[in-house]
file data_24.cif (mmCIF, C-alpha atoms)
data_input
#
loop_
_atom_site.label_atom_id
_atom_site.label_comp_id
_atom_site.auth_asym_id
_atom_site.auth_seq_id
_atom_site.Cartn_x
_atom_site.Cartn_y
_atom_site.Cartn_z
CA ALA A 1 -7.48 -33.07 32.27
CA LYS A 2 -10.83 -32.27 33.81
CA VAL A 3 -12.64 -33.60 30.74
CA ARG A 4 -10.69 -36.89 30.97
CA ASN A 5 -11.46 -37.11 34.69
CA LEU A 6 -15.15 -36.43 33.97
CA SER A 7 -15.16 -39.25 31.42
CA ASN A 8 -13.60 -41.68 33.92
CA VAL A 9 -16.00 -40.67 36.70
CA MET A 10 -18.97 -41.04 34.32
CA LYS A 11 -17.82 -44.52 33.31
CA THR A 12 -17.48 -45.49 36.98
CA TYR A 13 -20.95 -44.16 37.73
CA HIS A 14 -22.44 -46.04 34.78
CA MET A 15 -20.70 -49.25 35.87
CA TYR A 16 -21.88 -49.05 39.51
CA ASN A 17 -25.38 -48.04 38.48
CA ALA A 18 -25.55 -51.00 36.11
CA ASP A 19 -24.41 -53.30 38.94
CA SER A 20 -27.07 -51.77 41.22
CA ILE A 21 -29.81 -52.35 38.65
CA SER A 22 -28.64 -55.91 38.10
CA ALA A 23 -28.57 -56.56 41.87
CA GLN A 24 -32.06 -55.06 42.18
CA SER A 25 -33.37 -57.37 39.46
CA LYS A 26 -31.85 -60.41 41.18
CA LEU A 27 -33.29 -59.32 44.53
CA LYS A 28 -36.78 -58.99 43.06
CA GLU A 29 -36.44 -62.41 41.51
CA ALA A 30 -35.37 -63.89 44.88
CA GLU A 31 -38.29 -62.21 46.63
CA LYS A 32 -40.70 -63.68 44.10
CA GLN A 33 -39.22 -67.15 44.62
CA GLU A 34 -39.44 -66.73 48.39
CA GLU A 35 -43.08 -65.63 48.19
CA LYS A 36 -43.91 -68.64 46.03
CA GLN A 37 -42.18 -70.94 48.48
CA ILE A 38 -44.06 -69.40 51.40
CA GLY A 39 -47.37 -69.93 49.56
CA LYS A 40 -46.55 -73.57 48.89
CA SER A 41 -45.52 -74.13 52.49
CA VAL A 42 -48.79 -72.70 53.79
CA LYS A 43 -50.83 -74.98 51.54
CA GLN A 44 -48.83 -78.04 52.54
CA GLU A 45 -49.17 -77.19 56.24
CA ASP A 46 -52.94 -77.11 55.89
CA LYS A 47 -52.96 -80.60 54.39
CA GLN A 48 -50.36 -82.15 56.71
CA THR A 49 -51.04 -83.53 60.23
CA PRO A 50 -48.85 -82.66 63.19
CA ARG A 51 -47.32 -86.12 63.08
CA SER A 52 -45.86 -85.79 59.59
CA PRO A 53 -44.06 -82.45 59.19
CA ASP A 54 -42.59 -81.56 55.75
CA SER A 55 -38.90 -81.13 56.56
CA ALA A 56 -37.84 -80.83 52.87
CA SER A 57 -40.11 -77.85 52.33
CA SER A 58 -38.66 -76.15 55.38
CA VAL A 59 -35.13 -76.64 54.12
CA LYS A 60 -35.98 -75.07 50.73
CA PHE A 61 -37.62 -72.14 52.43
CA GLU A 62 -34.55 -71.51 54.54
CA GLU A 63 -32.29 -71.68 51.49
CA LYS A 64 -34.38 -69.17 49.54
CA HIS A 65 -34.52 -66.90 52.56
CA VAL A 66 -30.76 -66.98 52.89
CA ARG A 67 -30.40 -66.31 49.15
CA ARG A 68 -32.79 -63.35 49.34
CA SER A 69 -30.89 -61.92 52.33
CA SER A 70 -27.61 -62.29 50.45
CA ARG A 71 -29.01 -60.56 47.39
CA GLN A 72 -30.52 -57.86 49.61
CA ALA A 73 -27.10 -57.18 51.07
CA LYS A 74 -25.52 -57.21 47.60
CA TYR A 75 -28.14 -54.81 46.28
CA THR A 76 -27.67 -52.48 49.26
CA GLU A 77 -23.90 -52.50 48.73
CA ASN A 78 -24.18 -51.83 44.96
CA LYS A 79 -26.83 -49.18 45.54
CA LEU A 80 -24.52 -47.37 47.95
CA LYS A 81 -21.64 -47.55 45.48
CA ALA A 82 -23.90 -46.26 42.69
CA ILE A 83 -25.05 -43.33 44.86
CA LYS A 84 -21.46 -42.41 45.74
CA ALA A 85 -20.39 -42.75 42.09
CA ARG A 86 -23.32 -40.59 40.98
CA ASN A 87 -22.41 -37.93 43.54
CA GLU A 88 -18.80 -37.96 42.34
CA TYR A 89 -20.02 -37.72 38.73
CA LEU A 90 -22.32 -34.77 39.51
CA LEU A 91 -19.54 -32.97 41.38
CA ALA A 92 -17.08 -33.60 38.55
CA LEU A 93 -19.70 -32.49 36.01
CA GLU A 94 -20.30 -29.24 37.86
CA ALA A 95 -16.55 -28.60 38.23
CA THR A 96 -15.89 -29.36 34.56
CA ASN A 97 -18.70 -27.10 33.38
CA ALA A 98 -17.44 -24.32 35.64
CA SER A 99 -13.90 -24.75 34.28
CA VAL A 100 -15.07 -24.74 30.67
CA PHE A 101 -17.21 -21.67 31.29
CA LYS A 102 -14.31 -19.87 33.00
CA TYR A 103 -11.95 -20.79 30.14
CA TYR A 104 -14.19 -19.45 27.39
CA ILE A 105 -15.55 -16.42 29.26
CA HIS A 106 -12.46 -15.24 31.17
CA ASP A 107 -9.30 -17.21 30.42
CA LEU A 108 -9.37 -16.83 26.62
CA SER A 109 -9.66 -13.05 26.90
CA ASP A 110 -6.83 -13.01 29.46
CA LEU A 111 -4.66 -15.20 27.20
CA ILE A 112 -5.20 -12.83 24.25
CA ASP A 113 -4.30 -9.90 26.49
CA CYS A 114 -1.13 -11.71 27.58
CA CYS A 115 -0.11 -12.26 23.95
CA ASP A 116 -0.96 -8.67 22.95
CA LEU A 117 2.17 -7.06 24.46
CA GLY A 118 1.15 -3.61 23.19
CA TYR A 119 0.64 -4.72 19.59
CA HIS A 120 -2.11 -2.20 18.85
CA ALA A 121 -0.14 0.62 20.43
CA SER A 122 2.93 -0.29 18.37
CA LEU A 123 0.86 -0.64 15.21
CA GLY A 124 -0.82 2.70 15.84
CA ARG A 125 2.56 4.38 16.40
CA ALA A 126 3.97 2.89 13.21
CA LEU A 127 0.94 3.96 11.16
CA ARG A 128 1.04 7.46 12.67
CA THR A 129 4.73 7.68 11.78
CA PHE A 130 3.87 6.65 8.22
CA LEU A 131 1.04 9.20 8.05
CA SER A 132 3.31 11.93 9.42
CA ALA A 133 5.97 11.14 6.84
CA GLU A 134 3.44 11.06 4.00
CA LEU A 135 1.77 14.31 5.10
CA ASN A 136 5.11 16.09 5.40
CA LEU A 137 6.17 14.67 2.06
CA GLU A 138 2.93 15.90 0.51
CA GLN A 139 3.42 19.32 2.07
CA SER A 140 7.02 19.47 0.89
CA LYS A 141 5.93 18.40 -2.57
CA HIS A 142 3.30 21.16 -2.71
CA GLU A 143 5.86 23.71 -1.53
CA GLY A 144 8.27 22.53 -4.21
CA LEU A 145 5.55 22.74 -6.87
CA ASP A 146 4.68 26.25 -5.71
CA ALA A 147 8.34 27.25 -5.94
CA ILE A 148 8.59 25.80 -9.46
CA GLU A 149 5.37 27.55 -10.51
CA ASN A 150 6.70 30.85 -9.14
CA ALA A 151 9.97 30.31 -11.03
CA VAL A 152 8.04 29.59 -14.24
CA GLU A 153 6.02 32.77 -13.82
CA ASN A 154 9.22 34.78 -13.34
CA LEU A 155 11.14 33.35 -16.32
CA ASP A 156 12.66 36.27 -18.29
CA ALA A 157 15.19 35.68 -21.06
CA ASN A 158 16.49 39.27 -21.11
CA SER A 159 16.95 39.36 -17.35
CA ASP A 160 18.79 36.03 -17.37
CA LYS A 161 21.00 37.20 -20.23
CA GLN A 162 21.88 40.37 -18.35
CA ARG A 163 22.64 38.42 -15.20
CA LEU A 164 24.86 36.01 -17.12
CA MET A 165 26.83 38.86 -18.69
CA GLU A 166 27.26 40.50 -15.30
CA MET A 167 28.42 37.27 -13.68
CA CYS A 168 30.93 36.61 -16.49
CA ASN A 169 32.07 40.21 -16.89
CA ASN A 170 35.61 39.22 -17.90
CA VAL A 171 34.22 37.28 -20.89
CA PHE A 172 31.58 39.69 -22.13
CA CYS A 173 33.30 42.99 -21.35
CA PRO A 174 34.76 44.63 -24.55
CA PRO A 175 38.57 44.74 -24.64
CA MET A 176 40.60 47.93 -24.75
CA LYS A 177 40.80 49.79 -28.06
CA PHE A 178 43.79 49.28 -30.28
CA GLU A 179 46.00 52.33 -30.01
CA PHE A 180 48.01 53.91 -32.82
CA GLN A 181 51.58 52.74 -32.69
CA PRO A 182 53.88 55.44 -34.16
CA HIS A 183 56.85 54.31 -36.14
CA MET A 184 60.25 55.94 -35.96
CA GLY A 185 58.99 59.33 -34.77
CA ASP A 186 55.89 59.54 -37.03
CA MET A 187 53.35 60.99 -34.60
CA VAL A 188 50.52 61.86 -37.06
CA SER A 189 47.45 59.88 -35.94
CA GLN A 190 44.74 61.40 -38.22
CA LEU A 191 43.77 61.02 -41.87
CA CYS A 192 45.67 63.28 -44.19
CA ALA A 193 43.56 64.80 -47.01
CA GLN A 194 46.27 66.76 -48.76
CA GLN A 195 47.04 66.47 -52.41
CA PRO A 196 47.63 64.18 -54.18
CA VAL A 197 45.66 61.71 -51.88
CA GLN A 198 42.59 63.94 -51.55
CA SER A 199 40.97 62.87 -54.84
CA GLU A 200 41.64 59.24 -54.04
CA LEU A 201 40.02 59.58 -50.61
CA VAL A 202 36.97 61.29 -52.07
CA GLN A 203 36.54 58.53 -54.66
CA ARG A 204 36.94 55.85 -51.99
CA CYS A 205 34.42 57.61 -49.78
CA GLN A 206 31.85 57.59 -52.54
CA GLN A 207 32.42 53.90 -53.19
CA LEU A 208 32.02 53.12 -49.51
CA GLN A 209 28.78 55.11 -49.27
CA SER A 210 27.36 53.22 -52.27
CA ARG A 211 28.43 49.87 -50.77
CA LEU A 212 26.96 50.81 -47.40
CA SER A 213 23.64 51.69 -48.97
CA THR A 214 23.53 48.32 -50.70
CA LEU A 215 24.51 46.43 -47.50
CA LYS A 216 21.93 48.35 -45.50
CA ILE A 217 19.17 47.25 -47.85
CA GLU A 218 20.42 43.65 -47.76
CA ASN A 219 20.73 43.79 -43.99
CA GLU A 220 17.16 45.04 -43.61
CA GLU A 221 15.84 42.20 -45.79
CA VAL A 222 17.85 39.60 -43.89
CA LYS A 223 16.75 41.07 -40.58
CA LYS A 224 13.07 40.91 -41.57
CA THR A 225 13.42 37.28 -42.68
CA MET A 226 15.33 36.45 -39.51
CA GLU A 227 12.71 38.07 -37.27
CA ALA A 228 9.88 36.25 -39.08
CA THR A 229 11.74 32.95 -38.72
CA LEU A 230 12.39 33.65 -35.04
CA GLN A 231 8.69 34.34 -34.51
CA THR A 232 7.87 31.00 -36.17
CA ILE A 233 10.30 29.25 -33.81
CA GLN A 234 8.74 31.07 -30.84
CA ASP A 235 5.30 29.91 -31.94
CA ILE A 236 6.55 26.30 -32.13
CA VAL A 237 8.27 26.25 -28.74
CA THR A 238 5.52 28.16 -26.92
CA ILE A 239 2.65 25.96 -28.04
CA GLU A 240 0.47 25.22 -25.00
CA ASP A 241 0.50 21.43 -25.06
CA PHE A 242 1.67 21.01 -21.47
CA ASP A 243 -1.77 20.19 -20.03
CA VAL A 244 -1.85 16.41 -19.48
CA SER A 245 -4.93 16.31 -17.25
CA ASP A 246 -6.75 14.20 -19.87
CA CYS A 247 -4.24 11.42 -19.25
CA PHE A 248 -5.33 11.17 -15.60
CA GLN A 249 -9.06 10.76 -16.10
CA TYR A 250 -10.61 8.15 -13.83
CA SER A 251 -11.43 4.84 -15.46
CA ASN A 252 -12.59 1.45 -14.19
CA SER A 253 -9.96 -0.52 -16.07
CA MET A 254 -6.40 -0.16 -17.30
CA GLU A 255 -7.54 -0.80 -20.86
CA SER A 256 -9.77 2.26 -20.68
CA VAL A 257 -6.86 4.31 -19.31
CA LYS A 258 -4.62 3.18 -22.19
CA SER A 259 -7.38 3.94 -24.68
CA THR A 260 -7.89 7.41 -23.22
CA VAL A 261 -4.16 8.19 -23.30
CA SER A 262 -3.78 6.88 -26.85
CA GLU A 263 -6.74 8.89 -28.14
CA THR A 264 -5.43 12.02 -26.40
CA PHE A 265 -2.04 11.81 -28.03
CA MET A 266 -3.36 10.71 -31.41
CA SER A 267 -5.54 13.83 -31.53
CA LYS A 268 -2.43 16.08 -31.28
CA PRO A 269 0.05 16.77 -34.10
CA SER A 270 2.78 14.22 -34.52
CA ILE A 271 5.64 15.01 -32.16
CA ALA A 272 8.24 13.67 -34.60
CA LYS A 273 6.85 15.78 -37.44
CA ARG A 274 6.77 18.88 -35.29
CA ARG A 275 10.33 18.28 -34.14
CA ALA A 276 11.50 17.88 -37.74
CA ASN A 277 9.80 21.14 -38.71
CA GLN A 278 11.36 22.86 -35.73
CA GLN A 279 14.87 21.64 -36.62
CA GLU A 280 14.44 22.73 -40.22
CA THR A 281 13.22 26.17 -39.15
CA GLU A 282 16.07 26.54 -36.67
CA GLN A 283 18.62 25.66 -39.35
CA PHE A 284 17.06 28.24 -41.66
CA TYR A 285 17.17 30.79 -38.82
CA PHE A 286 20.87 30.13 -38.08
CA THR A 287 21.68 30.55 -41.77
CA TYR A 288 20.09 34.00 -41.81
CA CYS A 289 21.70 34.86 -38.48
CA TYR A 290 25.10 34.13 -40.02
CA ALA A 291 24.23 36.32 -43.03
CA PHE A 292 22.97 39.12 -40.76
CA PHE A 293 26.08 39.17 -38.60
CA HIS A 294 28.32 38.88 -41.68
CA ILE A 295 26.67 41.92 -43.32
CA ASP A 296 26.68 43.79 -40.03
CA LEU A 297 30.37 43.08 -39.65
CA LEU A 298 31.02 44.38 -43.17
CA ASN A 299 29.14 47.54 -42.26
CA ALA A 300 31.37 47.95 -39.25
CA PHE A 301 34.51 47.51 -41.33
CA LEU A 302 33.30 49.90 -43.98
#
call {"tool": "encode", "arguments": {"input": "data_24.cif", "output": "structure tokens"}}
result
Amino acid sequence: AKVRNLSNVMKTYHMYNADSISAQSKLKEAEKQEEKQIGKSVKQEDKQTPRSPDSASSVKFEEKHVRRSSRQAKYTENKLKAIKARNEYLLALEATNASVFKYYIHDLSDLIDCCDLGYHASLGRALRTFLSAELNLEQSKHEGLDAIENAVENLDANSDKQRLMEMCNNVFCPPMKFEFQPHMGDMVSQLCAQQPVQSELVQRCQQLQSRLSTLKIENEEVKKTMEATLQTIQDIVTIEDFDVSDCFQYSNSMESVKSTVSETFMSKPSIAKRRANQQETEQFYFTYCYAFFHIDLLNAFL
């Protein structure tokens, strides 16, 4: 609004100043005409006698004097208007400049403060909440990793097996022995070596001892093969290929990361081939386990 008012006041000042300049030019022209007329009148008066006055020259002089007076008054009036208009323009110019200066130096900052409404405080609180959550998450993650690492260090198959058997005691506890059930008053519960069954028992005992010797040898061979196979399986499953730090090497591009990961895995044995070998070895181990337990069971029966 002040800029529009300044423009209007400036236009008014320019208009009145132009009128003043125009009136000044006309006044100067009238003064020149009047001076010329005065010079002519003086020359004519010197030539004329008192008995023949030049009335026409006097009339022209009066007209030009009146015209000059009129233009003098017009110039004075326009000059006054131009001065007032210039004063108004200067005052408006000063006020406008002061308003513009105040707007850019003070008001803009105040307007930004009015629109702030605690934005930075809210943003800072939100970011601090995010940082707190992330830091606590990181701490919790480290604590969880430490707990897992401690559990890995304390892994013990024998201890876990013992704990399982203790927890499921009703499953793994041996049942009661089968008792001798006498029949119709026969209370003898021991072997009878009297004749004529004594020779038969001796012969059967010899056969059993021979069979046991043979089964013991077979059992030892099976046990050795089974233990060797189990060691092979242990070597397969305990291979230390869990370090994947090479996959997280810093690189400037994703292509380099993919190349690094591919080369890392290509340098290791084929996972599919190793899994096939492991399955084949496990099947071989189970076969010998079955044979071992079968022979051991025969030993128990014999």
call {"tool": "closest_residue", "arguments": {"input": "data_24.cif", "among": "A:Ala193, A:Thr281, A:His14, A:Val202", "to": "Thr225 in chain A", "atoms": "all atoms listed in the file"}}
result
A:Thr281
call {"tool": "closest_residue", "arguments": {"input": "data_24.cif", "among": "A:Ala291, A:Lys74, A:Lys32, A:Val3", "to": "Asp19 in chain A", "atoms": "only C-alpha atoms"}}
result
A:Lys74
call {"tool": "residues_around", "arguments": {"input": "data_24.cif", "residues": "Gln24 in chain A", "least_positions_apart": "5", "cutoff": "9 Å", "atoms": "all atoms listed in the file", "output": "PyMOL selection string"}}
result
chain A and resi 19+29+71-72+74-76+78-79
call {"tool": "closest_residue", "arguments": {"input": "data_24.cif", "among": "A:Asp156, A:Leu108, A:Gln231, A:Ile21", "to": "Gln278 in chain A", "atoms": "all atoms listed in the file"}}
result
A:Gln231
call {"tool": "atom_distance", "arguments": {"input": "data_24.cif", "atom1": "CA of Arg274 in chain A", "atom2": "CA of Thr287 in chain A"}}
result
20.0 Å
call {"tool": "atom_distance", "arguments": {"input": "data_24.cif", "atom1": "CA of Arg4 in chain A", "atom2": "CA of Thr96 in chain A"}}
result
9.8 Å
call {"tool": "atom_distance", "arguments": {"input": "data_24.cif", "atom1": "CA of Gly124 in chain A", "atom2": "CA of Ser140 in chain A"}}
result
23.8 Å
call {"tool": "closest_residue", "arguments": {"input": "data_24.cif", "among": "A:Lys26, A:Ala85, A:Cys192, A:Ser70", "to": "Asn8 in chain A", "atoms": "only C-alpha atoms"}}
result
A:Ala85
call {"tool": "axis_aligned_box", "arguments": {"input": "data_24.cif", "around": "range 20-28 of chain A", "padding_each_side": "4 Å", "output": "AutoDock Vina command-line options"}}
result
--center_x -31.9 --center_y -56.1 --center_z 41.3 --size_x 17.7 --size_y 16.6 --size_z 14.4
call {"tool": "resolve_selection", "arguments": {"input": "data_24.cif", "expression": "the PyMOL selection byres ((chain A and resi 6) around 12)", "output": "CSV table (one decimal) with C-alpha atoms, in the coordinates of the input"}}
result
chain,number,residue,atom,x,y,z
A,1,ALA,CA,-7.5,-33.1,32.3
A,2,LYS,CA,-10.8,-32.3,33.8
A,3,VAL,CA,-12.6,-33.6,30.7
A,4,ARG,CA,-10.7,-36.9,31.0
A,5,ASN,CA,-11.5,-37.1,34.7
A,7,SER,CA,-15.2,-39.2,31.4
A,8,ASN,CA,-13.6,-41.7,33.9
A,9,VAL,CA,-16.0,-40.7,36.7
A,10,MET,CA,-19.0,-41.0,34.3
A,11,LYS,CA,-17.8,-44.5,33.3
A,12,THR,CA,-17.5,-45.5,37.0
A,13,TYR,CA,-21.0,-44.2,37.7
A,85,ALA,CA,-20.4,-42.8,42.1
A,86,ARG,CA,-23.3,-40.6,41.0
A,88,GLU,CA,-18.8,-38.0,42.3
A,89,TYR,CA,-20.0,-37.7,38.7
A,90,LEU,CA,-22.3,-34.8,39.5
A,91,LEU,CA,-19.5,-33.0,41.4
A,92,ALA,CA,-17.1,-33.6,38.6
A,93,LEU,CA,-19.7,-32.5,36.0
A,94,GLU,CA,-20.3,-29.2,37.9
A,95,ALA,CA,-16.6,-28.6,38.2
A,96,THR,CA,-15.9,-29.4,34.6
A,97,ASN,CA,-18.7,-27.1,33.4
A,99,SER,CA,-13.9,-24.8,34.3
call {"tool": "closest_residue", "arguments": {"input": "data_24.cif", "among": "A:Tyr288, A:Phe242, A:Phe293, A:Phe180", "to": "Leu230 in chain A", "atoms": "all atoms listed in the file"}}
result
A:Tyr288
